[in-house]
Number of protein chains: 2
Amino acid sequence: MIGRLAILGVGLIGGSLALALRRAHHVGEVVGSGRRERNLQRAVELGVIDRYALDPAEAVRGADMVVLAVPLGAMEGLCRQIAPVLGEQAVLTDVGSAKRSVVEAVRAAFGRLPEGFVPGHPIAGTEQSGVEAAFADLFYHRRVILTPLPETGLRALGEVREMWEATGAVVEEMSVEHHDHVLAATSHLPHMLAFALVDSLARLEDRHEVFRYAAGGFRDFTRIASSDPVMWRDICLANRDALLEMMDRFRDDMDRLSQAIEQGDGDTLLEIFQRAKQARDAFAG
Amino acid sequence: MIGRLAILGVGLIGGSLALALRRAHHVGEVVGSGRRERNLQRAVELGVIDRYALDPAEAVRGADMVVLAVPLGAMEGLCRQIAPVLGEQAVLTDVGSAKRSVVEAVRAAFGRLPEGFVPGHPIAGTEQSGVEAAFADLFYHRRVILTPLPETGLRALGEVREMWEATGAVVEEMSVEHHDHVLAATSHLPHMLAFALVDSLARLEDRHEVFRYAAGGFRDFTRIASSDPVMWRDICLANRDALLEMMDRFRDDMDRLSQAIEQGDGDTLLEIFQRAKQARDAFAG
């Protein structure tokens with residue numbers, strides 16, 4: 001049970017977390033903060049938060065749990081604003097899609113890694129964003145990865161774990177580095193491919209024709225290209241090394257594929273497609 | 001109304017066409033042919049075809065309409081088998097995902113392009129294959145592209161158009177070259193990306209871990225990597241030039257993206273992601 005929860009950034013993730021915790025009666029009061037007052041007013045109207053403060057320092061005052069739910073690029077600035085007022089006993093966590101960069105942001109802002117800080121990442125979301133898209137079931141049966149640090153205290157870790165479990169999520173722990181590598185592979189690289197593909201086609205001269213004939217497979221394949229551009233810019237910059245490594249691997253694989261097509265090498269093509277189908281079927285099954 | 005229809009290759013597409021035409025009372029008798037007798041028996045059991053002949057020459061004898069629904073790589077061999085017996089008045093069409101290669105296969109097998117030949121391509125399908133996956137609604141409200149040739153007769157063109165319209169499809173016409181370019185962009189390239197991505201991840205040492213943390217976006221994004229490997233090998237080889245051109249364009253775009261990430265160029269990243277999101281939202285909306 002969290003007495004007072006401060007959600008900094010009341011969007012799809014922050015808003016859904018608040019809704020889930022309210023439903024589970026796992027929270028007393030929810031205070032929101034964010035840059036756009038209209039959004040915060042809407043969050044109050046929707047019953048997502050009880051009240052808000054435009055100043056994040058004011059929002060975290062007296063909070064037992066503080067959740068950073070802003071784009072990665074805004075983390076450090078936000079932490080600098082709350083560092084002077086965050087309570088000694090307060091637990092601090094985040095929902096960022098890359099963990100190394102959040103750890104560095106917190107370290108830079110606080111001058112150290114607080115015992116109460118537990119980096120976290122719910123593997124959930126839709127291509128929607130904003131508090132209007134928030135819903136209490138977003139994390140139900142989804143994974144939440146926590147990447148506790150040597151400095152992290154067990155009490156804080158336990159409270160963050162309990163918070164996510166109250167939303168119906170399955171909580172797992174791994175290292176910051178492993179998280180960033182796994183997410184680069186399964187989320188960040190696919191988003192780069194979807195964005196690059198749609199952008200590639202959008203710049204064709206006959207793009208209207210081209211999109212006209214796109215079928216269901218294309219629709220599914222490119223759905224993630226509707227994701228929030230600012231969030232993804234920040235993820236790219238925040239998880240640069242792991243993402244570039246995966247992009248390099250992928251480029252090599254695409255080059256091998258191009259070469260096989262160019263050479264009319266049907267055996268290699270079949271081998272690649274069969275291995276991929278097998279892996280995909282095993283994953284989905 | 002088609003008196004006798006021969007479906008050569010009774011799989012997802014050929015089977016669904018037969019089911020749709022039967023439901024619309026647009027066909028008298030449906031004769032199937034294929035390499036695997038068990039599959040043809042199953043097609044009879046499922047009410048997809050009335051009877052079958054293992055020898056395609058036997059299947060097309062007396063047929064008013066012949067539909068080639070085999071992988072692209074099998075087209076030429078199949079055409080050579082049926083060329084000697086195909087009736088003078090018979091209409092010949094296909095469902096291949098690349099059109100230049102089918103035109104060349106027909107020309108090679110017949111020694112000319114018959115007046116009754118109408119290249120076609122229904123933009124429909126699922127990642128399933130085989131007659132068990134066939135269903136009468138597959139083409140409903142989907143586009144079917146016909147790419148008539150200078151040699152094509154108007155009667156044949158009209159009959160193929162009526163056949164597809166009877167399934168509920170929307171029929172459009174374009175040139176062979178334009179078809180192959182558009183499909184390379186909207187279908188063949190996305191499939192290459194999905195296959196290459198899944199194969200890339202499947203060859204990571206920690207692949208089990210990696211797939212474990214893949215979420216819904218990844219599932220949608222990679223669904224098409226479950227498609228039939230043989231069919232896709234053939235499409236790659238058949239639409240090589242248009243596909244390689246699109247793959248080159250895509251590689252350049254990915255390189256630009258990598259470079260922006262490497263240089264920490266947030267403005268370029270934002271621009272790419274915004275343009276892609278706009279195009280995707282416009283397409284979906």
# chains A, B, ... in the order shown; residues from 1 in each chain; ligands from 1
$ select_by_dssp --residues "segment 13-53 of chain A" --states "strand (DSSP E)" --output "ChimeraX atom specification"
/A:27-33,51-52
$ write_last_selection --atoms "N, CA and C atoms" --output "PDB file, in the first residue's frame"
ATOM      1  N   VAL A  27      -3.191   2.324  -3.358  1.00  0.00           N
ATOM      2  CA  VAL A  27      -2.664   3.675  -3.204  1.00  0.00           C
ATOM      3  C   VAL A  27      -3.696   4.566  -2.494  1.00  0.00           C
ATOM      4  N   GLY A  28      -3.197   5.496  -1.656  1.00  0.00           N
ATOM      5  CA  GLY A  28      -4.087   6.444  -0.991  1.00  0.00           C
ATOM      6  C   GLY A  28      -4.390   7.610  -1.909  1.00  0.00           C
ATOM      7  N   GLU A  29      -3.390   8.500  -2.070  1.00  0.00           N
ATOM      8  CA  GLU A  29      -3.588   9.684  -2.887  1.00  0.00           C
ATOM      9  C   GLU A  29      -2.620   9.675  -4.071  1.00  0.00           C
ATOM     10  N   VAL A  30      -3.111  10.111  -5.233  1.00  0.00           N
ATOM     11  CA  VAL A  30      -2.239  10.211  -6.406  1.00  0.00           C
ATOM     12  C   VAL A  30      -2.111  11.674  -6.818  1.00  0.00           C
ATOM     13  N   VAL A  31      -0.869  12.152  -6.819  1.00  0.00           N
ATOM     14  CA  VAL A  31      -0.586  13.519  -7.231  1.00  0.00           C
ATOM     15  C   VAL A  31       0.121  13.462  -8.580  1.00  0.00           C
ATOM     16  N   GLY A  32      -0.350  14.228  -9.537  1.00  0.00           N
ATOM     17  CA  GLY A  32       0.280  14.241 -10.849  1.00  0.00           C
ATOM     18  C   GLY A  32       1.074  15.510 -11.075  1.00  0.00           C
ATOM     19  N   SER A  33       2.034  15.414 -11.993  1.00  0.00           N
ATOM     20  CA  SER A  33       2.729  16.620 -12.424  1.00  0.00           C
ATOM     21  C   SER A  33       3.065  16.470 -13.892  1.00  0.00           C
ATOM     22  N   ARG A  51      -5.060  15.105  -7.653  1.00  0.00           N
ATOM     23  CA  ARG A  51      -4.748  16.526  -7.803  1.00  0.00           C
ATOM     24  C   ARG A  51      -3.422  16.636  -8.536  1.00  0.00           C
ATOM     25  N   TYR A  52      -3.047  17.837  -8.877  1.00  0.00           N
ATOM     26  CA  TYR A  52      -1.781  17.992  -9.587  1.00  0.00           C
ATOM     27  C   TYR A  52      -1.060  19.250  -9.138  1.00  0.00           C
TER      28      TYR A  52
END
$ residues_around --residues "Val210 of chain B" --least-positions-apart "3" --cutoff "7 Å" --atoms "only C-alpha atoms" --output "list in words"
Val182 and Thr186 of chain A; Asp206, Arg207, Tyr213 and Ala214 of chain B
$ interface_residues --of "chain B" --to "chain A" --cutoff "6 Å" --atoms "only C-alpha atoms" --output "list in words"
Val182, Thr186, Phe195, Val198, Asp199, Val210, Ala214, Asp220, Phe221, Ala225, Ser226, Pro229, Arg233, Leu237, Gly264, Leu269, Leu270, Phe273, Gln274, Ala276 and Lys277 of chain B
$ closest_residue --among "A:Asp180, A:Val171, A:Ala24, A:Leu154" --to "Gly96 of chain A" --atoms "only C-alpha atoms"
A:Asp180
$ calpha_fit_and_write --fixed "chain B" --moving "chain A" --output "compact mmCIF listing (two decimals) with C-alpha atoms, in the first residue's frame"
# COMPACT_ATOMS: atom_id res chain seq x y z
CA MET A 1 -20.48 -17.89 -64.71
CA ILE A 2 -17.65 -20.35 -65.26
CA GLY A 3 -18.65 -23.81 -66.46
CA ARG A 4 -15.58 -25.77 -65.46
CA LEU A 5 -12.81 -24.21 -63.36
CA ALA A 6 -9.40 -25.81 -62.93
CA ILE A 7 -7.42 -24.75 -59.86
CA LEU A 8 -3.79 -25.77 -60.19
CA GLY A 9 -2.42 -25.60 -56.66
CA VAL A 10 -5.22 -25.98 -54.11
CA GLY A 11 -3.79 -24.04 -51.17
CA LEU A 12 -4.91 -20.97 -49.24
CA ILE A 13 -5.43 -18.80 -52.33
CA GLY A 14 -6.62 -21.41 -54.83
CA GLY A 15 -8.86 -23.03 -52.24
CA SER A 16 -10.37 -19.75 -51.05
CA LEU A 17 -11.08 -18.71 -54.64
CA ALA A 18 -12.93 -21.98 -55.26
CA LEU A 19 -14.94 -21.59 -52.05
CA ALA A 20 -15.87 -17.99 -52.86
CA LEU A 21 -16.96 -18.84 -56.42
CA ARG A 22 -19.04 -21.78 -55.25
CA ARG A 23 -20.77 -19.64 -52.67
CA ALA A 24 -21.51 -17.03 -55.34
CA HIS A 25 -22.83 -19.73 -57.69
CA HIS A 26 -20.35 -18.41 -60.21
CA VAL A 27 -18.91 -21.81 -61.10
CA GLY A 28 -20.27 -25.19 -62.27
CA GLU A 29 -17.53 -27.72 -61.59
CA VAL A 30 -14.19 -27.22 -59.84
CA VAL A 31 -11.33 -29.54 -60.72
CA GLY A 32 -8.18 -29.38 -58.61
CA SER A 33 -4.64 -30.45 -59.29
CA GLY A 34 -1.50 -30.51 -57.19
CA ARG A 35 1.46 -32.59 -56.22
CA ARG A 36 0.21 -34.01 -52.95
CA GLU A 37 -2.74 -36.34 -53.33
CA ARG A 38 -3.60 -36.21 -49.62
CA ASN A 39 -4.06 -32.47 -49.87
CA LEU A 40 -6.35 -32.88 -52.88
CA GLN A 41 -8.39 -35.53 -51.07
CA ARG A 42 -8.72 -33.14 -48.15
CA ALA A 43 -9.85 -30.41 -50.56
CA VAL A 44 -12.62 -32.72 -51.82
CA GLU A 45 -13.63 -33.57 -48.24
CA LEU A 46 -13.77 -29.88 -47.34
CA GLY A 47 -16.00 -29.19 -50.34
CA VAL A 48 -13.42 -26.93 -51.93
CA ILE A 49 -13.16 -28.89 -55.20
CA ASP A 50 -15.44 -31.47 -56.84
CA ARG A 51 -12.69 -33.75 -58.06
CA TYR A 52 -9.00 -33.76 -58.79
CA ALA A 53 -6.38 -35.05 -61.18
CA LEU A 54 -2.76 -35.43 -60.19
CA ASP A 55 -1.79 -34.68 -63.77
CA PRO A 56 -2.40 -30.97 -64.43
CA ALA A 57 -2.89 -31.67 -68.15
CA GLU A 58 -5.82 -33.88 -67.25
CA ALA A 59 -7.20 -31.28 -64.83
CA VAL A 60 -7.31 -28.50 -67.43
CA ARG A 61 -8.88 -30.62 -70.18
CA GLY A 62 -12.23 -29.08 -70.99
CA ALA A 63 -11.78 -26.27 -68.45
CA ASP A 64 -13.19 -22.84 -69.26
CA MET A 65 -10.99 -21.09 -66.71
CA VAL A 66 -7.59 -22.22 -65.46
CA VAL A 67 -6.06 -20.61 -62.37
CA LEU A 68 -2.36 -21.07 -61.68
CA ALA A 69 -2.05 -20.94 -57.89
CA VAL A 70 1.36 -22.51 -57.29
CA PRO A 71 4.57 -20.87 -56.01
CA LEU A 72 6.21 -18.67 -58.64
CA GLY A 73 9.08 -21.09 -59.13
CA ALA A 74 6.68 -23.81 -60.21
CA MET A 75 4.83 -21.71 -62.82
CA GLU A 76 6.93 -22.43 -65.89
CA GLY A 77 7.08 -26.20 -65.37
CA LEU A 78 3.34 -26.28 -64.78
CA CYS A 79 2.64 -24.21 -67.90
CA ARG A 80 4.76 -26.58 -69.99
CA GLN A 81 2.58 -29.44 -68.77
CA ILE A 82 -0.72 -27.78 -69.66
CA ALA A 83 0.29 -25.91 -72.83
CA PRO A 84 -0.35 -28.84 -75.20
CA VAL A 85 -3.88 -29.49 -73.94
CA LEU A 86 -5.25 -26.07 -72.95
CA GLY A 87 -8.39 -25.34 -74.99
CA GLU A 88 -8.32 -22.55 -77.57
CA GLN A 89 -11.17 -20.74 -75.78
CA ALA A 90 -9.90 -21.38 -72.25
CA VAL A 91 -8.98 -18.41 -70.10
CA LEU A 92 -5.71 -18.69 -68.17
CA THR A 93 -4.88 -16.58 -65.15
CA ASP A 94 -2.62 -16.78 -62.11
CA VAL A 95 -2.35 -15.41 -58.57
CA GLY A 96 1.42 -14.86 -58.40
CA SER A 97 2.83 -12.10 -56.21
CA ALA A 98 5.22 -10.94 -58.95
CA LYS A 99 3.97 -10.55 -62.50
CA ARG A 100 6.94 -10.17 -64.83
CA SER A 101 8.22 -13.63 -63.98
CA VAL A 102 4.83 -15.28 -64.60
CA VAL A 103 4.54 -13.55 -67.95
CA GLU A 104 7.99 -14.87 -68.88
CA ALA A 105 7.08 -18.37 -67.67
CA VAL A 106 3.92 -18.42 -69.79
CA ARG A 107 5.76 -17.05 -72.83
CA ALA A 108 8.49 -19.68 -72.46
CA ALA A 109 6.03 -22.54 -72.01
CA PHE A 110 3.56 -21.57 -74.75
CA GLY A 111 6.09 -20.12 -77.18
CA ARG A 112 3.91 -16.96 -77.22
CA LEU A 113 1.53 -15.03 -74.96
CA PRO A 114 -1.92 -16.56 -75.44
CA GLU A 115 -4.87 -14.23 -76.02
CA GLY A 116 -6.61 -15.99 -73.14
CA PHE A 117 -3.88 -15.19 -70.59
CA VAL A 118 -4.62 -12.54 -67.96
CA PRO A 119 -1.94 -12.13 -65.26
CA GLY A 120 -3.53 -11.44 -61.87
CA HIS A 121 -2.71 -10.98 -58.21
CA PRO A 122 -5.15 -10.88 -55.30
CA ILE A 123 -3.73 -8.66 -52.53
CA ALA A 124 -4.93 -10.97 -49.81
CA GLY A 125 -3.60 -13.77 -47.75
CA THR A 126 -2.67 -14.68 -44.24
CA GLU A 127 0.56 -16.09 -42.88
CA GLN A 128 -1.20 -19.46 -43.02
CA SER A 129 -0.97 -21.72 -46.02
CA GLY A 130 -2.63 -24.87 -47.29
CA VAL A 131 -6.21 -25.73 -48.18
CA GLU A 132 -7.14 -26.17 -44.49
CA ALA A 133 -6.63 -22.42 -44.09
CA ALA A 134 -8.85 -21.54 -47.08
CA PHE A 135 -12.05 -19.56 -46.50
CA ALA A 136 -14.63 -18.01 -48.81
CA ASP A 137 -14.26 -14.48 -47.43
CA LEU A 138 -10.53 -14.14 -48.04
CA PHE A 139 -10.96 -11.79 -51.00
CA TYR A 140 -13.98 -9.88 -49.73
CA HIS A 141 -13.31 -6.15 -50.09
CA ARG A 142 -9.68 -6.86 -50.96
CA ARG A 143 -7.97 -5.60 -54.07
CA VAL A 144 -7.15 -7.83 -57.01
CA ILE A 145 -4.69 -6.41 -59.49
CA LEU A 146 -4.88 -7.55 -63.10
CA THR A 147 -1.98 -6.70 -65.40
CA PRO A 148 -3.35 -7.36 -68.91
CA LEU A 149 -0.81 -7.55 -71.74
CA PRO A 150 -1.04 -6.16 -75.28
CA GLU A 151 -1.74 -9.75 -76.36
CA THR A 152 -4.59 -10.23 -73.87
CA GLY A 153 -8.08 -10.48 -75.36
CA LEU A 154 -10.92 -8.39 -73.95
CA ARG A 155 -13.16 -11.43 -73.48
CA ALA A 156 -10.58 -13.13 -71.30
CA LEU A 157 -9.96 -9.94 -69.32
CA GLY A 158 -13.70 -9.53 -68.73
CA GLU A 159 -14.11 -13.10 -67.54
CA VAL A 160 -11.24 -12.88 -65.06
CA ARG A 161 -12.56 -9.58 -63.78
CA GLU A 162 -16.04 -11.06 -63.30
CA MET A 163 -14.57 -14.06 -61.52
CA TRP A 164 -12.81 -11.90 -58.94
CA GLU A 165 -15.76 -9.55 -58.57
CA ALA A 166 -17.89 -12.58 -57.75
CA THR A 167 -15.62 -13.19 -54.71
CA GLY A 168 -16.34 -9.67 -53.43
CA ALA A 169 -12.95 -8.32 -54.47
CA VAL A 170 -12.28 -4.90 -55.96
CA VAL A 171 -10.53 -5.36 -59.30
CA GLU A 172 -7.97 -2.88 -60.63
CA GLU A 173 -5.65 -2.87 -63.60
CA MET A 174 -2.07 -1.70 -63.94
CA SER A 175 1.05 -2.54 -65.89
CA VAL A 176 3.24 -5.51 -65.01
CA GLU A 177 6.16 -3.20 -64.15
CA HIS A 178 4.11 -0.95 -61.92
CA HIS A 179 2.67 -3.94 -60.10
CA ASP A 180 6.09 -5.38 -59.41
CA HIS A 181 7.40 -2.06 -58.10
CA VAL A 182 4.39 -1.41 -55.84
CA LEU A 183 4.45 -4.93 -54.41
CA ALA A 184 8.19 -4.81 -53.82
CA ALA A 185 7.58 -1.73 -51.69
CA THR A 186 4.47 -2.72 -49.76
CA SER A 187 4.83 -6.45 -49.40
CA HIS A 188 8.13 -7.94 -50.48
CA LEU A 189 10.40 -5.50 -48.65
CA PRO A 190 8.40 -5.72 -45.38
CA HIS A 191 8.61 -9.50 -45.54
CA MET A 192 12.37 -9.31 -46.02
CA LEU A 193 12.64 -7.07 -42.95
CA ALA A 194 10.51 -9.37 -40.82
CA PHE A 195 12.38 -12.49 -41.90
CA ALA A 196 15.77 -10.83 -41.44
CA LEU A 197 14.84 -9.42 -38.04
CA VAL A 198 13.58 -12.69 -36.62
CA ASP A 199 16.55 -14.53 -38.09
CA SER A 200 18.92 -11.93 -36.62
CA LEU A 201 17.45 -12.41 -33.16
CA ALA A 202 17.22 -16.18 -33.52
CA ARG A 203 20.97 -16.28 -33.99
CA LEU A 204 21.74 -14.27 -30.85
CA GLU A 205 23.33 -16.38 -28.15
CA ASP A 206 20.72 -15.32 -25.62
CA ARG A 207 17.85 -15.75 -28.08
CA HIS A 208 15.58 -17.50 -25.57
CA GLU A 209 15.91 -14.60 -23.18
CA VAL A 210 15.41 -12.15 -26.00
CA PHE A 211 12.20 -13.68 -27.34
CA ARG A 212 10.95 -14.00 -23.75
CA TYR A 213 10.80 -10.25 -23.37
CA ALA A 214 9.32 -9.48 -26.74
CA ALA A 215 5.96 -7.73 -26.39
CA GLY A 216 2.89 -7.20 -28.51
CA GLY A 217 4.51 -4.77 -30.92
CA PHE A 218 7.12 -7.35 -31.77
CA ARG A 219 4.47 -9.99 -32.25
CA ASP A 220 2.57 -7.89 -34.79
CA PHE A 221 5.73 -6.73 -36.45
CA THR A 222 7.04 -10.21 -37.06
CA ARG A 223 3.79 -12.06 -37.80
CA ILE A 224 4.60 -12.09 -41.52
CA ALA A 225 7.86 -13.95 -40.78
CA SER A 226 5.64 -17.01 -40.30
CA SER A 227 4.81 -16.99 -44.01
CA ASP A 228 5.67 -19.90 -46.27
CA PRO A 229 9.45 -19.96 -46.90
CA VAL A 230 9.22 -21.62 -50.33
CA MET A 231 6.70 -19.09 -51.57
CA TRP A 232 8.93 -16.26 -50.38
CA ARG A 233 12.10 -17.72 -51.84
CA ASP A 234 10.29 -17.80 -55.17
CA ILE A 235 8.99 -14.25 -54.81
CA CYS A 236 12.52 -12.99 -54.09
CA LEU A 237 13.90 -14.70 -57.16
CA ALA A 238 10.93 -13.70 -59.33
CA ASN A 239 10.85 -10.02 -58.39
CA ARG A 240 14.57 -9.65 -57.92
CA ASP A 241 15.15 -6.33 -59.65
CA ALA A 242 12.29 -4.36 -58.11
CA LEU A 243 12.97 -5.89 -54.69
CA LEU A 244 16.70 -5.15 -54.77
CA GLU A 245 15.95 -1.57 -55.73
CA MET A 246 13.66 -1.18 -52.71
CA MET A 247 16.15 -2.94 -50.44
CA ASP A 248 18.85 -0.52 -51.58
CA ARG A 249 16.65 2.46 -50.84
CA PHE A 250 15.84 1.03 -47.46
CA ARG A 251 19.49 0.36 -46.66
CA ASP A 252 20.30 3.99 -47.43
CA ASP A 253 17.50 5.11 -45.12
CA MET A 254 18.66 2.81 -42.34
CA ASP A 255 22.20 4.10 -42.76
CA ARG A 256 20.96 7.67 -42.40
CA LEU A 257 19.13 6.62 -39.26
CA SER A 258 22.19 4.84 -37.81
CA GLN A 259 24.30 7.87 -38.54
CA ALA A 260 21.84 10.20 -36.79
CA ILE A 261 21.82 7.90 -33.74
CA GLU A 262 25.60 7.66 -33.72
CA GLN A 263 25.98 11.43 -33.95
CA GLY A 264 23.30 12.04 -31.35
CA ASP A 265 21.41 14.07 -33.96
CA GLY A 266 18.00 14.27 -32.28
CA ASP A 267 16.56 16.71 -34.83
CA THR A 268 17.07 14.34 -37.74
CA LEU A 269 15.66 11.44 -35.73
CA LEU A 270 12.59 13.44 -34.79
CA GLU A 271 12.08 14.50 -38.40
CA ILE A 272 12.24 10.90 -39.66
CA PHE A 273 9.93 9.57 -36.96
CA GLN A 274 7.42 12.39 -37.39
CA ARG A 275 7.27 11.92 -41.17
CA ALA A 276 6.80 8.18 -40.72
CA LYS A 277 4.12 8.58 -38.06
CA GLN A 278 2.25 11.05 -40.22
CA ALA A 279 2.35 8.73 -43.24
CA ARG A 280 1.34 5.71 -41.16
CA ASP A 281 -1.51 7.53 -39.44
CA ALA A 282 -2.76 8.80 -42.81
CA PHE A 283 -2.57 5.29 -44.25
CA ALA A 284 -4.42 3.70 -41.34
CA GLY A 285 -6.99 6.44 -41.03
$ select_by_dssp --residues "segment 49-256 of chain A" --states "alpha helix (DSSP H)" --output "count of residues only"
99
